[in-house]
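Listing of data.pdb, PDB, C-alpha atoms
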ATOM      1  CA  MET U   1      76.692   5.087 -20.657
ATOM      2  CA  LEU U   2      73.487   5.212 -22.641
ATOM      3  CA  GLU U   3      73.896   4.484 -26.324
ATOM      4  CA  CYS U   4      74.248   7.629 -28.398
ATOM      5  CA  ASN U   5      71.644   6.675 -31.010
ATOM      6  CA  ILE U   6      68.789   7.503 -28.639
ATOM      7  CA  ASP U   7      66.540  10.218 -30.006
ATOM      8  CA  GLU U   8      67.926  13.563 -28.826
ATOM      9  CA  GLU U   9      64.372  14.881 -28.485
ATOM     10  CA  LEU U  10      63.664  12.136 -25.937
ATOM     11  CA  ILE U  11      66.775  13.043 -23.942
ATOM     12  CA  ASN U  12      65.881  16.747 -24.050
ATOM     13  CA  ARG U  13      62.366  15.960 -22.796
ATOM     14  CA  ALA U  14      63.807  13.967 -19.911
ATOM     15  CA  GLU U  15      66.153  16.810 -18.921
ATOM     16  CA  LYS U  16      63.396  19.421 -19.168
ATOM     17  CA  THR U  17      61.015  17.326 -17.070
ATOM     18  CA  ALA U  18      63.707  16.618 -14.449
ATOM     19  CA  LYS U  19      64.324  20.374 -14.095
ATOM     20  CA  ALA U  20      60.595  21.003 -13.715
ATOM     21  CA  VAL U  21      60.346  18.317 -11.018
ATOM     22  CA  ILE U  22      63.181  19.901  -9.038
ATOM     23  CA  GLU U  23      61.687  23.384  -9.301
ATOM     24  CA  LYS U  24      58.220  22.183  -8.293
ATOM     25  CA  LEU U  25      59.417  20.081  -5.345
ATOM     26  CA  LYS U  26      61.624  22.967  -4.150
ATOM     27  CA  SER U  27      58.713  25.399  -4.320
ATOM     28  CA  LEU U  28      56.651  23.047  -2.151
ATOM     29  CA  SER U  29      59.553  22.147   0.192
ATOM     30  CA  LEU U  30      59.048  18.445  -0.530
ATOM     31  CA  LYS U  31      61.614  15.641  -0.508
ATOM     32  CA  LEU U  32      61.603  12.744  -2.978
ATOM     33  CA  VAL U  33      62.874   9.190  -2.631
ATOM     34  CA  LEU U  34      63.108   6.769  -5.532
ATOM     35  CA  ALA U  35      63.067   2.971  -5.651
ATOM     36  CA  GLU U  36      64.397   2.019  -9.071
ATOM     37  CA  SER U  37      64.575  -1.447 -10.545
ATOM     38  CA  CYS U  38      64.684  -1.451 -14.363
ATOM     39  CA  THR U  39      66.036   2.105 -14.446
ATOM     40  CA  ALA U  40      68.786   1.163 -11.946
ATOM     41  CA  GLY U  41      69.408   4.716 -10.708
ATOM     42  CA  LEU U  42      68.896   6.490 -14.040
ATOM     43  CA  ILE U  43      66.170   8.769 -12.657
ATOM     44  CA  SER U  44      68.260   9.701  -9.633
ATOM     45  CA  SER U  45      71.171  10.446 -11.938
ATOM     46  CA  MET U  46      68.992  12.623 -14.187
ATOM     47  CA  LEU U  47      67.883  14.635 -11.171
ATOM     48  CA  ALA U  48      71.381  14.802  -9.657
ATOM     49  CA  ASP U  49      72.741  16.208 -12.929
ATOM     50  CA  ILE U  50      70.765  19.385 -12.218
ATOM     51  CA  PRO U  51      72.142  21.937  -9.753
ATOM     52  CA  GLY U  52      69.898  22.160  -6.713
ATOM     53  CA  ALA U  53      68.863  18.498  -6.726
ATOM     54  CA  SER U  54      70.200  18.082  -3.193
ATOM     55  CA  GLY U  55      67.387  20.319  -2.008
ATOM     56  CA  ILE U  56      64.722  17.810  -3.064
ATOM     57  CA  LEU U  57      66.311  14.371  -3.518
ATOM     58  CA  TRP U  58      66.318  12.494  -0.210
ATOM     59  CA  GLY U  59      67.966   9.516  -1.864
ATOM     60  CA  SER U  60      67.437   6.507  -4.038
ATOM     61  CA  PHE U  61      67.359   2.745  -3.811
ATOM     62  CA  ALA U  62      68.606   0.921  -6.920
ATOM     63  CA  CYS U  63      66.911  -2.407  -6.225
ATOM     64  CA  TYR U  64      67.567  -4.419  -9.348
ATOM     65  CA  THR U  65      67.021  -7.905  -7.901
ATOM     66  CA  LYS U  66      64.454  -9.521  -5.632
ATOM     67  CA  ASP U  67      67.096  -9.860  -2.905
ATOM     68  CA  ALA U  68      67.907  -6.151  -3.165
ATOM     69  CA  LYS U  69      64.223  -5.258  -2.815
ATOM     70  CA  ILE U  70      64.040  -7.399   0.320
ATOM     71  CA  SER U  71      67.305  -6.155   1.838
ATOM     72  CA  MET U  72      67.122  -2.459   0.931
ATOM     73  CA  LEU U  73      63.396  -1.761   1.106
ATOM     74  CA  GLY U  74      62.467  -4.272   3.799
ATOM     75  CA  LEU U  75      59.981  -6.077   1.570
ATOM     76  CA  GLU U  76      58.714  -9.479   2.629
ATOM     77  CA  LYS U  77      60.010 -12.406   0.563
ATOM     78  CA  ASN U  78      56.580 -14.073   0.741
ATOM     79  CA  ALA U  79      54.910 -10.965  -0.653
ATOM     80  CA  LEU U  80      57.323 -10.838  -3.596
ATOM     81  CA  ASP U  81      57.003 -14.601  -4.171
ATOM     82  CA  SER U  82      53.232 -14.233  -4.511
ATOM     83  CA  CYS U  83      53.412 -11.798  -7.456
ATOM     84  CA  ASP U  84      55.523 -11.102 -10.525
ATOM     85  CA  LEU U  85      58.474  -8.808  -9.890
ATOM     86  CA  VAL U  86      57.133  -6.692 -12.754
ATOM     87  CA  SER U  87      53.637  -5.981 -11.430
ATOM     88  CA  SER U  88      51.453  -3.377  -9.787
ATOM     89  CA  GLU U  89      51.834  -5.204  -6.470
ATOM     90  CA  THR U  90      55.630  -5.053  -6.568
ATOM     91  CA  ALA U  91      55.628  -1.398  -7.615
ATOM     92  CA  CYS U  92      53.315  -0.523  -4.704
ATOM     93  CA  LEU U  93      55.399  -2.525  -2.220
ATOM     94  CA  MET U  94      58.570  -0.814  -3.443
ATOM     95  CA  ALA U  95      57.096   2.691  -3.124
ATOM     96  CA  ALA U  96      55.715   1.954   0.341
ATOM     97  CA  GLY U  97      59.044   0.432   1.441
ATOM     98  CA  ALA U  98      61.019   3.430   0.173
ATOM     99  CA  LEU U  99      58.684   5.794   1.987
ATOM    100  CA  LEU U 100      59.078   3.854   5.241
ATOM    101  CA  LYS U 101      62.876   3.716   4.939
ATOM    102  CA  SER U 102      63.240   7.426   4.164
ATOM    103  CA  GLY U 103      62.455  10.877   5.431
ATOM    104  CA  ALA U 104      60.870  11.815   2.109
ATOM    105  CA  ASP U 105      57.403  13.197   1.459
ATOM    106  CA  ILE U 106      56.874  11.283  -1.783
ATOM    107  CA  ALA U 107      58.235   7.913  -2.888
ATOM    108  CA  VAL U 108      58.146   6.737  -6.468
ATOM    109  CA  SER U 109      59.083   3.265  -7.628
ATOM    110  CA  VAL U 110      59.628   1.758 -11.046
ATOM    111  CA  THR U 111      59.872  -1.908 -12.005
ATOM    112  CA  GLY U 112      59.836  -3.344 -15.473
ATOM    113  CA  LEU U 113      61.471  -5.207 -18.323
ATOM    114  CA  ALA U 114      63.565  -2.907 -20.482
ATOM    115  CA  GLY U 115      64.715  -5.698 -22.786
ATOM    116  CA  PRO U 116      65.981  -7.105 -24.923
ATOM    117  CA  ASP U 117      65.028 -10.339 -23.151
ATOM    118  CA  GLY U 118      62.197 -11.191 -20.786
ATOM    119  CA  ASP U 119      62.512 -12.732 -17.348
ATOM    120  CA  GLY U 120      60.617 -15.960 -18.057
ATOM    121  CA  SER U 121      57.453 -14.760 -16.301
ATOM    122  CA  GLY U 122      55.503 -14.132 -19.496
ATOM    123  CA  VAL U 123      55.425 -10.389 -18.857
ATOM    124  CA  PRO U 124      56.155  -8.711 -22.205
ATOM    125  CA  VAL U 125      59.397  -6.779 -22.690
ATOM    126  CA  GLY U 126      58.655  -3.053 -22.447
ATOM    127  CA  THR U 127      56.175  -3.474 -19.569
ATOM    128  CA  VAL U 128      56.825  -0.997 -16.766
ATOM    129  CA  TRP U 129      54.920  -0.342 -13.546
ATOM    130  CA  VAL U 130      55.289   2.938 -11.643
ATOM    131  CA  ALA U 131      53.886   3.611  -8.173
ATOM    132  CA  ALA U 132      53.844   6.905  -6.276
ATOM    133  CA  ALA U 133      53.166   7.007  -2.535
ATOM    134  CA  LEU U 134      52.634  10.166  -0.527
ATOM    135  CA  ARG U 135      53.487  10.353   3.162
ATOM    136  CA  SER U 136      50.223  12.269   3.575
ATOM    137  CA  GLY U 137      48.427   9.185   2.268
ATOM    138  CA  GLY U 138      47.488   7.495  -0.938
ATOM    139  CA  ILE U 139      49.266   5.503  -3.578
ATOM    140  CA  ASP U 140      48.854   5.654  -7.336
ATOM    141  CA  VAL U 141      50.077   2.900  -9.646
ATOM    142  CA  ARG U 142      50.227   2.866 -13.438
ATOM    143  CA  GLU U 143      51.248   0.448 -16.161
ATOM    144  CA  PHE U 144      53.152   1.395 -19.309
ATOM    145  CA  HIS U 145      54.136  -0.523 -22.438
ATOM    146  CA  PHE U 146      57.153   0.817 -24.283
ATOM    147  CA  SER U 147      58.701  -0.368 -27.495
ATOM    148  CA  GLY U 148      62.265   0.332 -28.382
ATOM    149  CA  ALA U 149      65.790  -0.670 -27.559
ATOM    150  CA  ARG U 150      66.725  -1.355 -23.931
ATOM    151  CA  ASN U 151      68.053   2.082 -23.001
ATOM    152  CA  GLU U 152      65.331   3.867 -24.942
ATOM    153  CA  ASN U 153      62.787   1.972 -22.815
ATOM    154  CA  ARG U 154      64.691   2.965 -19.680
ATOM    155  CA  ILE U 155      64.587   6.648 -20.648
ATOM    156  CA  LYS U 156      60.881   6.388 -21.497
ATOM    157  CA  ALA U 157      60.294   4.818 -18.077
ATOM    158  CA  ALA U 158      62.264   7.632 -16.418
ATOM    159  CA  ILE U 159      60.161  10.245 -18.207
ATOM    160  CA  ALA U 160      56.977   8.442 -17.124
ATOM    161  CA  VAL U 161      58.186   8.558 -13.507
ATOM    162  CA  LEU U 162      59.034  12.255 -13.732
ATOM    163  CA  ASP U 163      55.630  12.998 -15.330
ATOM    164  CA  ILE U 164      53.855  11.142 -12.515
ATOM    165  CA  ILE U 165      55.813  13.094  -9.899
ATOM    166  CA  MET U 166      54.655  16.333 -11.525
ATOM    167  CA  GLU U 167      51.046  15.097 -11.488
ATOM    168  CA  LYS U 168      51.163  13.953  -7.862
ATOM    169  CA  ILE U 169      52.503  17.264  -6.580
TER     170      ILE U 169
END

File written out as structure tokens:
Amino acid sequence: MLECNIDEELINRAEKTAKAVIEKLKSLSLKLVLAESCTAGLISSMLADIPGASGILWGSFACYTKDAKISMLGLEKNALDSCDLVSSETACLMAAGALLKSGADIAVSVTGLAGPDGDGSGVPVGTVWVAAALRSGGIDVREFHFSGARNENRIKAAIAVLDIIMEKI
């Protein structure tokens, strides 16, 4: 459970954006797949909380570790070894892997450090990378820097993902 001291306005924004994503994807008859690392399924859960999510959500990969990214998304160990797990490269690989493993039209990935501790790589806590890949072609990747407690950063990352989905479609 997310801690209850998270700003209610932030939670309301997340719910409102999730509803808008579902409505928009439904209207376009598009399916979404997610590859979540630092959010660990939070975005999928936010979408699944809304009636009608089954019409747009193909599925989700909660790939928290390097091994999970390799096993679930089919990513190459050498490719992940050559970059930080919290990086634009990893986010792009995750989105592309999710797209290949699914029947979805759009794949969005998120990888980052929610806190409170880092991973020893030197990447600052609060750094999040999001990548969106379209089956019709093209991939967009963006970096975010959030400050806040762990679960606040996870919700902010989820909102960033939902905002990017709205932009891409």

(Q) Residues within 8 Å of U:His145, please, as a VMD selection string. Count all atoms listed in the file; anything in the same chain fewer than 4 positions from it doesn't count. (A) chain U and resid 126 to 128

Q.
Could you list, as a list of chain:residue names, every residue matched by the PyMOL selection byres ((chain U and resi 63) around 9) in this structure?
A.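 This file gives the following for the PyMOL selection byres ((chain U and resi 63) around 9): U:Ala35, U:Glu36, U:Ser37, U:Cys38, U:Ala40, U:Gly41, U:Phe61, U:Ala62, U:Tyr64, U:Thr65, U:Lys66, U:Asp67, U:Ala68, U:Lys69, U:Ile70, U:Ser71, U:Met72, U:Leu73, U:Met94.
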
Q) Which distance in Å separates atom CA of U:Gly97 and atom CA of U:Leu75, to one decimal? A)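 So the two atoms, atom CA of U:Gly97 and atom CA of U:Leu75, lie 6.6 Å apart.
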
Q: Return the single residue from U:Val86, U:Val108, U:Val125, U:Leu25 that is closest to U:Ile164, with distances computed using all atoms listed in the file.
A: U:Val108

Q: Choose the residue, out of U:Asp105, U:Glu152, U:Asp163, U:Asp117, that has the smallest atom-to-atom separation from U:Arg135; count only C-alpha atoms.
A: U:Asp105

Q.
Could you tell me how far atom CA of U:Pro116 sits from atom CA of U:Ile159, in Å to one decimal place?
A. 19.5 Å

Exercise on stretch 146-164 of chain U, axis-aligned box with 3 Å per side, report centre and edge lengths in Å to one decimal, as lines of an AutoDock Vina configuration file:
center_x = 61.0
center_y = 5.8
center_z = -20.4
size_x = 20.2
size_y = 20.4
size_z = 21.9

(Q) Using all atoms listed in the file, which protein or nucleic acid residues come within 10 Å of U:Ala131? Drop anything in the same chain fewer than 3 positions from it, and give the result as a list of chain:residue names. (A) U:Ala35, U:Ser88, U:Glu89, U:Thr90, U:Ala91, U:Cys92, U:Leu93, U:Met94, U:Ala95, U:Ala96, U:Ala107, U:Val108, U:Ser109, U:Val110, U:Thr111, U:Ile139, U:Asp140, U:Val141, U:Arg142, U:Glu143, U:Val161, U:Ile164, U:Ile165

I need the chosen residues saved as a PDB file, keeping the file's coordinate frame, with C-alpha atoms.
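What ended up in part-v2.pdb:
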ATOM      1  CA  ALA U  35      63.067   2.971  -5.651  1.00  0.00           C
ATOM      2  CA  SER U  88      51.453  -3.377  -9.787  1.00  0.00           C
ATOM      3  CA  GLU U  89      51.834  -5.204  -6.470  1.00  0.00           C
ATOM      4  CA  THR U  90      55.630  -5.053  -6.568  1.00  0.00           C
ATOM      5  CA  ALA U  91      55.628  -1.398  -7.615  1.00  0.00           C
ATOM      6  CA  CYS U  92      53.315  -0.523  -4.704  1.00  0.00           C
ATOM      7  CA  LEU U  93      55.399  -2.525  -2.220  1.00  0.00           C
ATOM      8  CA  MET U  94      58.570  -0.814  -3.443  1.00  0.00           C
ATOM      9  CA  ALA U  95      57.096   2.691  -3.124  1.00  0.00           C
ATOM     10  CA  ALA U  96      55.715   1.954   0.341  1.00  0.00           C
ATOM     11  CA  ALA U 107      58.235   7.913  -2.888  1.00  0.00           C
ATOM     12  CA  VAL U 108      58.146   6.737  -6.468  1.00  0.00           C
ATOM     13  CA  SER U 109      59.083   3.265  -7.628  1.00  0.00           C
ATOM     14  CA  VAL U 110      59.628   1.758 -11.046  1.00  0.00           C
ATOM     15  CA  THR U 111      59.872  -1.908 -12.005  1.00  0.00           C
ATOM     16  CA  ILE U 139      49.266   5.503  -3.578  1.00  0.00           C
ATOM     17  CA  ASP U 140      48.854   5.654  -7.336  1.00  0.00           C
ATOM     18  CA  VAL U 141      50.077   2.900  -9.646  1.00  0.00           C
ATOM     19  CA  ARG U 142      50.227   2.866 -13.438  1.00  0.00           C
ATOM     20  CA  GLU U 143      51.248   0.448 -16.161  1.00  0.00           C
ATOM     21  CA  VAL U 161      58.186   8.558 -13.507  1.00  0.00           C
ATOM     22  CA  ILE U 164      53.855  11.142 -12.515  1.00  0.00           C
ATOM     23  CA  ILE U 165      55.813  13.094  -9.899  1.00  0.00           C
TER      24      ILE U 165
END

**Q.** Interatomic distance, atom CA of U:Trp129 to atom CA of U:Phe144 (Å, one decimal)
**A.**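 Distance between the two atoms: 6.3 Å.
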
Place N, CA and C atoms on stretch 17-47 of chain U and deliver the coordinates as a PDB file, in the coordinates of the input.
ATOM      1  N   THR U  17      61.951  17.787 -18.095  1.00  0.00           N
ATOM      2  CA  THR U  17      61.015  17.326 -17.070  1.00  0.00           C
ATOM      3  C   THR U  17      61.703  17.201 -15.719  1.00  0.00           C
ATOM      4  N   ALA U  18      62.953  16.722 -15.707  1.00  0.00           N
ATOM      5  CA  ALA U  18      63.707  16.618 -14.449  1.00  0.00           C
ATOM      6  C   ALA U  18      63.877  17.996 -13.810  1.00  0.00           C
ATOM      7  N   LYS U  19      64.196  19.007 -14.619  1.00  0.00           N
ATOM      8  CA  LYS U  19      64.324  20.374 -14.095  1.00  0.00           C
ATOM      9  C   LYS U  19      63.009  20.863 -13.512  1.00  0.00           C
ATOM     10  N   ALA U  20      61.914  20.575 -14.199  1.00  0.00           N
ATOM     11  CA  ALA U  20      60.595  21.003 -13.715  1.00  0.00           C
ATOM     12  C   ALA U  20      60.249  20.328 -12.395  1.00  0.00           C
ATOM     13  N   VAL U  21      60.605  19.043 -12.268  1.00  0.00           N
ATOM     14  CA  VAL U  21      60.346  18.317 -11.018  1.00  0.00           C
ATOM     15  C   VAL U  21      61.107  18.967  -9.875  1.00  0.00           C
ATOM     16  N   ILE U  22      62.373  19.280 -10.093  1.00  0.00           N
ATOM     17  CA  ILE U  22      63.181  19.901  -9.038  1.00  0.00           C
ATOM     18  C   ILE U  22      62.592  21.252  -8.635  1.00  0.00           C
ATOM     19  N   GLU U  23      62.261  22.071  -9.597  1.00  0.00           N
ATOM     20  CA  GLU U  23      61.687  23.384  -9.301  1.00  0.00           C
ATOM     21  C   GLU U  23      60.383  23.256  -8.519  1.00  0.00           C
ATOM     22  N   LYS U  24      59.527  22.344  -8.951  1.00  0.00           N
ATOM     23  CA  LYS U  24      58.220  22.183  -8.293  1.00  0.00           C
ATOM     24  C   LYS U  24      58.384  21.656  -6.863  1.00  0.00           C
ATOM     25  N   LEU U  25      59.203  20.617  -6.689  1.00  0.00           N
ATOM     26  CA  LEU U  25      59.417  20.081  -5.345  1.00  0.00           C
ATOM     27  C   LEU U  25      60.050  21.121  -4.428  1.00  0.00           C
ATOM     28  N   LYS U  26      61.007  21.898  -4.948  1.00  0.00           N
ATOM     29  CA  LYS U  26      61.624  22.967  -4.150  1.00  0.00           C
ATOM     30  C   LYS U  26      60.581  23.973  -3.710  1.00  0.00           C
ATOM     31  N   SER U  27      59.717  24.379  -4.642  1.00  0.00           N
ATOM     32  CA  SER U  27      58.713  25.399  -4.320  1.00  0.00           C
ATOM     33  C   SER U  27      57.739  24.921  -3.250  1.00  0.00           C
ATOM     34  N   LEU U  28      57.564  23.613  -3.145  1.00  0.00           N
ATOM     35  CA  LEU U  28      56.651  23.047  -2.151  1.00  0.00           C
ATOM     36  C   LEU U  28      57.384  22.525  -0.915  1.00  0.00           C
ATOM     37  N   SER U  29      58.718  22.650  -0.906  1.00  0.00           N
ATOM     38  CA  SER U  29      59.553  22.147   0.192  1.00  0.00           C
ATOM     39  C   SER U  29      59.318  20.661   0.449  1.00  0.00           C
ATOM     40  N   LEU U  30      59.275  19.886  -0.630  1.00  0.00           N
ATOM     41  CA  LEU U  30      59.048  18.445  -0.530  1.00  0.00           C
ATOM     42  C   LEU U  30      60.318  17.683  -0.889  1.00  0.00           C
ATOM     43  N   LYS U  31      60.481  16.532  -0.237  1.00  0.00           N
ATOM     44  CA  LYS U  31      61.614  15.641  -0.508  1.00  0.00           C
ATOM     45  C   LYS U  31      61.099  14.391  -1.227  1.00  0.00           C
ATOM     46  N   LEU U  32      61.927  13.896  -2.147  1.00  0.00           N
ATOM     47  CA  LEU U  32      61.603  12.744  -2.978  1.00  0.00           C
ATOM     48  C   LEU U  32      62.574  11.605  -2.706  1.00  0.00           C
ATOM     49  N   VAL U  33      62.049  10.390  -2.657  1.00  0.00           N
ATOM     50  CA  VAL U  33      62.874   9.190  -2.631  1.00  0.00           C
ATOM     51  C   VAL U  33      62.432   8.307  -3.792  1.00  0.00           C
ATOM     52  N   LEU U  34      63.393   7.645  -4.403  1.00  0.00           N
ATOM     53  CA  LEU U  34      63.108   6.769  -5.532  1.00  0.00           C
ATOM     54  C   LEU U  34      63.506   5.340  -5.202  1.00  0.00           C
ATOM     55  N   ALA U  35      62.739   4.394  -5.712  1.00  0.00           N
ATOM     56  CA  ALA U  35      63.067   2.971  -5.651  1.00  0.00           C
ATOM     57  C   ALA U  35      63.065   2.488  -7.095  1.00  0.00           C
ATOM     58  N   GLU U  36      64.253   2.312  -7.646  1.00  0.00           N
ATOM     59  CA  GLU U  36      64.397   2.019  -9.071  1.00  0.00           C
ATOM     60  C   GLU U  36      64.867   0.581  -9.283  1.00  0.00           C
ATOM     61  N   SER U  37      64.150  -0.119 -10.150  1.00  0.00           N
ATOM     62  CA  SER U  37      64.575  -1.447 -10.545  1.00  0.00           C
ATOM     63  C   SER U  37      65.092  -1.403 -11.976  1.00  0.00           C
ATOM     64  N   CYS U  38      64.229  -1.393 -12.966  1.00  0.00           N
ATOM     65  CA  CYS U  38      64.684  -1.451 -14.363  1.00  0.00           C
ATOM     66  C   CYS U  38      65.464  -0.213 -14.790  1.00  0.00           C
ATOM     67  N   THR U  39      65.281   0.896 -14.116  1.00  0.00           N
ATOM     68  CA  THR U  39      66.036   2.105 -14.446  1.00  0.00           C
ATOM     69  C   THR U  39      67.359   2.176 -13.685  1.00  0.00           C
ATOM     70  N   ALA U  40      67.514   1.364 -12.662  1.00  0.00           N
ATOM     71  CA  ALA U  40      68.786   1.163 -11.946  1.00  0.00           C
ATOM     72  C   ALA U  40      69.516   2.449 -11.580  1.00  0.00           C
ATOM     73  N   GLY U  41      68.790   3.458 -11.141  1.00  0.00           N
ATOM     74  CA  GLY U  41      69.408   4.716 -10.708  1.00  0.00           C
ATOM     75  C   GLY U  41      69.426   5.796 -11.770  1.00  0.00           C
ATOM     76  N   LEU U  42      68.904   5.511 -12.949  1.00  0.00           N
ATOM     77  CA  LEU U  42      68.896   6.490 -14.040  1.00  0.00           C
ATOM     78  C   LEU U  42      68.138   7.756 -13.660  1.00  0.00           C
ATOM     79  N   ILE U  43      66.986   7.609 -13.011  1.00  0.00           N
ATOM     80  CA  ILE U  43      66.170   8.769 -12.657  1.00  0.00           C
ATOM     81  C   ILE U  43      66.903   9.620 -11.620  1.00  0.00           C
ATOM     82  N   SER U  44      67.479   8.972 -10.638  1.00  0.00           N
ATOM     83  CA  SER U  44      68.260   9.701  -9.633  1.00  0.00           C
ATOM     84  C   SER U  44      69.401  10.450 -10.286  1.00  0.00           C
ATOM     85  N   SER U  45      70.064   9.805 -11.234  1.00  0.00           N
ATOM     86  CA  SER U  45      71.171  10.446 -11.938  1.00  0.00           C
ATOM     87  C   SER U  45      70.686  11.645 -12.747  1.00  0.00           C
ATOM     88  N   MET U  46      69.549  11.504 -13.414  1.00  0.00           N
ATOM     89  CA  MET U  46      68.992  12.623 -14.187  1.00  0.00           C
ATOM     90  C   MET U  46      68.722  13.821 -13.282  1.00  0.00           C
ATOM     91  N   LEU U  47      68.172  13.552 -12.108  1.00  0.00           N
ATOM     92  CA  LEU U  47      67.883  14.635 -11.171  1.00  0.00           C
ATOM     93  C   LEU U  47      69.183  15.219 -10.611  1.00  0.00           C
TER      94      LEU U  47
END
